[in-house]
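Engineer: A single structure is presented below for examination.
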Amino acid sequence: MPEHVLVTGGAGYIGAHACKALAAAGYVPVAFDNLSTGWEAAVRYGPLARGDLMDRASIDAALAQWKPVAVMHFAALSLVGESMKDPGLYWRVNVGGALNLIEATIAAGIGDFVFSSTCATYGDQDGVVLDEDTAQRPINAYGASKLAIEQMLGNFRESHGLRTVIFRYFNVAGADPAGELGEHHDPETHLIPVMLDAIGGKRGALTVFGSDYPTADGTCVRDYVHVTDLADAHVRGLRWLQAGHGSRVFCLGTGQGYSVREVLDHARVVTNRAVPVVEGARRAGDAAKLVCGSARAVTELGWQPERGLGEMIRDAWRWSQNPLY
C-alpha cells in the first residue's frame, strides 16, 4: 500500500512540484494548506487537507486521518521586504507554525521530517560558495525565522529522536516541463516571473532594485535552481531518512551565480523580446551575492541539477503564456 507523506504548503509553487515528484516516486502526497497563497488547482497528485499551521487541531486532524510516514515542510511566509517591515509576523507564523507542526509530528509518532530552509540563513557573505559548514548570519527576519526552525529541529532531534533532512537553497525558478504546474504568487515578487510578465505586457517595467552593489555589473547575484530539480532532491532526502541514515543538512544550488542583468540577457535570448526595465533603490535586507554549493547533495544523495538558467526561463515563459491557475 502506498505510503502517505504530509506536504505543508502543498498547494504552493515548490510544494506542488514536490507533490508531483512524490507521486511519481510511488508516494501519496497529502497537501496540507490553508490556500492563503496556494492554489487548489495545483493540488493534482493527492488529496488536499485544508488546515493552518497556526491551528494545532487542524494539523492533528490531518495526521490522524492520513497517517503519513513522514512530513515535508514547505509552508512559510517568504518575502524578504515584508519580513523587514513586519518581523513579528514572520516570527509568529513561520516559527510558531513550525513549532505546532513539529510537536504534532512527534505526538503522532512520525519520525521523519524534511524541512525546506533557505540560503538566506547565511546572510551576506560575498565571494564565498555557501555550503553546509558556512556560518549562518541572517540579515533579515525571513532568514532569521528559518534559522530558528533549523535550531528548533536540532532540539527535537536531541530530545525526541526526530530524524531530519534540512535543505538550504535560494532562488527557485522555472516550471513543470509538462506544463501542469507553474509559479503564481499574488503578489509576485520573484525576478523571473516578474520579468516575464513585463515582457508579456502583463505588468509595467521591471524594477531593478539597486545597481551599486559590489558585483561585476552592480546588480545582485543569485544562484538559480530549477523547481523540478529541487523537488527531486526532496524525494531523495526522504528516501535518505527512510533508508536509516542520520539527520543531515544539504545545500542545493548549481554553484553558478547570475546577476540580475545576466538574467535579463538570458530572457532576451529565450523570448526574443526586450525586457522593459527601470532602475530602483536597494531593498532592505537584500544580500549582494548568494551562491550555493551542493557537493554534499551530489555525493551523498546522488542528486544533480540537470536544468540550467535557460531552461528555467523557457519553462517559466511557456507557463506564463498559458497558466492553468
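Residue numbering restarts at 1 for every chain of the C-alpha cells, chains are lettered A, B, ... in their displayed order, and ligands are numbered from 1 as they appear.
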Residues at most 10 Å from Pro138 in chain A, counting only C-alpha atoms, excluding those fewer than 3 positions away in the same chain, as a list in words?

Structural biologist: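 In the requested form, the answer reads Cys119, Ala120, Thr121, Tyr122, Gly123, Asp124, Gln125, Ala135, Ala141, Tyr142, Gly143, Ala144, Ser145, Lys146, Leu147, Gly285 and Ala287 of chain A.
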
Engineer: Write out as a list in words the residues lying within 8 Å of Gly97 in chain A, counting only C-alpha atoms and excluding same-chain residues fewer than 5 positions away.

Structural biologist: Leu53, Met54 and Arg92 of chain A

Engineer: For CA of Leu79 in chain A and CA of Leu252 in chain A, quote the distance in Å rounded to one decimal.

Structural biologist: 19.7 Å

Engineer: Please, which residues of range 67-189 of chain A, numbered as in this document, come out strand (DSSP E or B) from DSSP, as a compact mmCIF listing (two decimals) with N, CA, C and O atoms, in the first residue's frame?

Structural biologist:
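So the final result, stored in selection-v3.txt, reads:
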# COMPACT_ATOMS: atom_id res chain seq x y z
N ALA A 70 5.83 10.40 6.94
CA ALA A 70 6.80 11.49 7.03
C ALA A 70 6.09 12.82 6.79
O ALA A 70 4.97 12.87 6.26
N VAL A 71 6.77 13.89 7.17
CA VAL A 71 6.29 15.25 6.95
C VAL A 71 7.32 15.99 6.12
O VAL A 71 8.53 15.90 6.37
N MET A 72 6.85 16.73 5.10
CA MET A 72 7.71 17.58 4.28
C MET A 72 7.18 19.00 4.44
O MET A 72 6.04 19.29 4.05
N HIS A 73 7.99 19.87 5.01
CA HIS A 73 7.51 21.19 5.45
C HIS A 73 8.01 22.31 4.55
O HIS A 73 9.18 22.69 4.58
N ASP A 112 10.21 10.95 10.61
CA ASP A 112 10.99 11.53 9.51
C ASP A 112 10.41 12.88 9.10
O ASP A 112 9.20 12.99 8.83
N PHE A 113 11.29 13.88 9.01
CA PHE A 113 10.85 15.26 8.77
C PHE A 113 11.83 15.92 7.80
O PHE A 113 13.02 15.99 8.07
N VAL A 114 11.31 16.38 6.67
CA VAL A 114 12.12 17.08 5.66
C VAL A 114 11.73 18.56 5.68
O VAL A 114 10.55 18.89 5.52
N PHE A 115 12.71 19.43 5.88
CA PHE A 115 12.43 20.86 6.05
C PHE A 115 13.04 21.68 4.92
O PHE A 115 14.22 21.55 4.59
N SER A 116 12.22 22.55 4.36
CA SER A 116 12.64 23.48 3.32
C SER A 116 13.16 24.76 3.98
O SER A 116 12.39 25.62 4.38
N VAL A 129 31.32 30.44 -1.72
CA VAL A 129 30.28 29.49 -2.10
C VAL A 129 29.70 28.93 -0.81
O VAL A 129 30.41 28.32 -0.01
N LEU A 130 28.43 29.17 -0.60
CA LEU A 130 27.79 28.81 0.66
C LEU A 130 27.54 27.31 0.71
O LEU A 130 26.87 26.76 -0.16
N ARG A 163 14.14 12.45 13.14
CA ARG A 163 15.12 12.36 12.07
C ARG A 163 14.81 13.43 11.02
O ARG A 163 13.69 13.49 10.52
N THR A 164 15.80 14.25 10.71
CA THR A 164 15.53 15.40 9.86
C THR A 164 16.52 15.52 8.71
O THR A 164 17.71 15.23 8.86
N VAL A 165 15.99 15.95 7.57
CA VAL A 165 16.82 16.44 6.47
C VAL A 165 16.43 17.89 6.25
O VAL A 165 15.25 18.22 6.11
N ILE A 166 17.42 18.75 6.26
CA ILE A 166 17.21 20.18 6.04
C ILE A 166 17.86 20.57 4.72
O ILE A 166 19.04 20.28 4.48
N PHE A 167 17.08 21.21 3.85
CA PHE A 167 17.60 21.71 2.58
C PHE A 167 17.69 23.22 2.62
O PHE A 167 16.72 23.91 2.94
N ARG A 168 18.85 23.74 2.26
CA ARG A 168 19.04 25.19 2.14
C ARG A 168 19.25 25.53 0.66
O ARG A 168 20.14 24.98 0.02
N ASN A 171 17.30 30.86 -4.85
CA ASN A 171 16.33 31.24 -5.88
C ASN A 171 15.86 30.04 -6.68
O ASN A 171 16.64 29.45 -7.44
N VAL A 172 14.60 29.69 -6.52
CA VAL A 172 13.99 28.60 -7.26
C VAL A 172 13.25 29.20 -8.45
O VAL A 172 12.57 30.22 -8.32
N ALA A 173 13.38 28.58 -9.60
CA ALA A 173 12.79 29.16 -10.81
C ALA A 173 12.30 28.06 -11.73
O ALA A 173 12.50 26.87 -11.49

Engineer: So that I can see what lies close to Ala274 in chain A, please list as a short mmCIF file (atom, residue, chain, number, x, y, z; two decimals) with C-alpha atoms, in the first residue's frame the residues with an atom at most 12 Å from it, counting only C-alpha atoms and leaving out residues fewer than 3 positions away in the same chain.

Structural biologist:
data_model
loop_
_atom_site.label_atom_id
_atom_site.label_comp_id
_atom_site.auth_asym_id
_atom_site.auth_seq_id
_atom_site.Cartn_x
_atom_site.Cartn_y
_atom_site.Cartn_z
CA MET A 195 10.42 39.83 -15.70
CA LEU A 196 8.38 37.55 -17.96
CA ASP A 197 5.16 39.33 -17.06
CA ALA A 198 6.82 42.62 -18.01
CA ILE A 199 7.97 41.14 -21.32
CA GLY A 200 4.46 39.80 -21.97
CA GLY A 201 2.80 43.13 -21.17
CA ALA A 205 8.51 47.73 -16.49
CA LEU A 206 10.64 45.56 -14.24
CA LEU A 264 17.68 39.79 -18.26
CA ASP A 265 20.15 38.95 -21.03
CA HIS A 266 19.14 35.28 -20.93
CA ALA A 267 15.46 36.26 -21.12
CA ARG A 268 16.05 38.32 -24.25
CA VAL A 269 17.60 35.28 -25.92
CA VAL A 270 14.85 32.86 -24.82
CA THR A 271 11.87 35.10 -25.61
CA VAL A 277 13.43 47.97 -17.11
#

Engineer: Applying 7 Å and only C-alpha atoms, which residues near Gly9 in chain A remain after dropping the ones on its own chain fewer than 6 positions away? List them as a PyMOL selection string.

Structural biologist: chain A and resi 15+31-33+74-75

Engineer: Counting only C-alpha atoms, what is within 7 Å of Arg307 in chain A, bar same-chain residues fewer than 3 positions away, as a PDB file with all heavy atoms, in the first residue's frame?

Structural biologist:
ATOM      1  N   HIS A 226      16.362  24.917 -10.793  1.00  0.00           N
ATOM      2  CA  HIS A 226      15.068  24.600 -11.388  1.00  0.00           C
ATOM      3  C   HIS A 226      14.190  23.899 -10.362  1.00  0.00           C
ATOM      4  O   HIS A 226      14.636  23.021  -9.630  1.00  0.00           O
ATOM      5  CB  HIS A 226      15.251  23.701 -12.612  1.00  0.00           C
ATOM      6  CG  HIS A 226      14.054  23.637 -13.511  1.00  0.00           C
ATOM      7  ND1 HIS A 226      12.878  23.007 -13.139  1.00  0.00           N
ATOM      8  CD2 HIS A 226      13.836  24.128 -14.761  1.00  0.00           C
ATOM      9  CE1 HIS A 226      11.999  23.105 -14.125  1.00  0.00           C
ATOM     10  NE2 HIS A 226      12.554  23.783 -15.123  1.00  0.00           N
ATOM     11  N   GLU A 311      16.856  26.907 -19.454  1.00  0.00           N
ATOM     12  CA  GLU A 311      15.693  26.027 -19.353  1.00  0.00           C
ATOM     13  C   GLU A 311      14.696  26.536 -18.318  1.00  0.00           C
ATOM     14  O   GLU A 311      13.487  26.413 -18.503  1.00  0.00           O
ATOM     15  CB  GLU A 311      16.148  24.613 -18.992  1.00  0.00           C
ATOM     16  CG  GLU A 311      16.830  23.878 -20.134  1.00  0.00           C
ATOM     17  CD  GLU A 311      17.349  22.526 -19.687  1.00  0.00           C
ATOM     18  OE1 GLU A 311      18.466  22.465 -19.142  1.00  0.00           O
ATOM     19  OE2 GLU A 311      16.633  21.532 -19.890  1.00  0.00           O
ATOM     20  N   MET A 312      15.209  27.102 -17.229  1.00  0.00           N
ATOM     21  CA  MET A 312      14.291  27.672 -16.232  1.00  0.00           C
ATOM     22  C   MET A 312      13.440  28.774 -16.852  1.00  0.00           C
ATOM     23  O   MET A 312      12.222  28.824 -16.653  1.00  0.00           O
ATOM     24  CB  MET A 312      15.093  28.242 -15.054  1.00  0.00           C
ATOM     25  CG  MET A 312      15.888  27.222 -14.277  1.00  0.00           C
ATOM     26  SD  MET A 312      16.824  27.998 -12.927  1.00  0.00           S
ATOM     27  CE  MET A 312      18.314  26.981 -12.940  1.00  0.00           C
TER      28      MET A 312
END
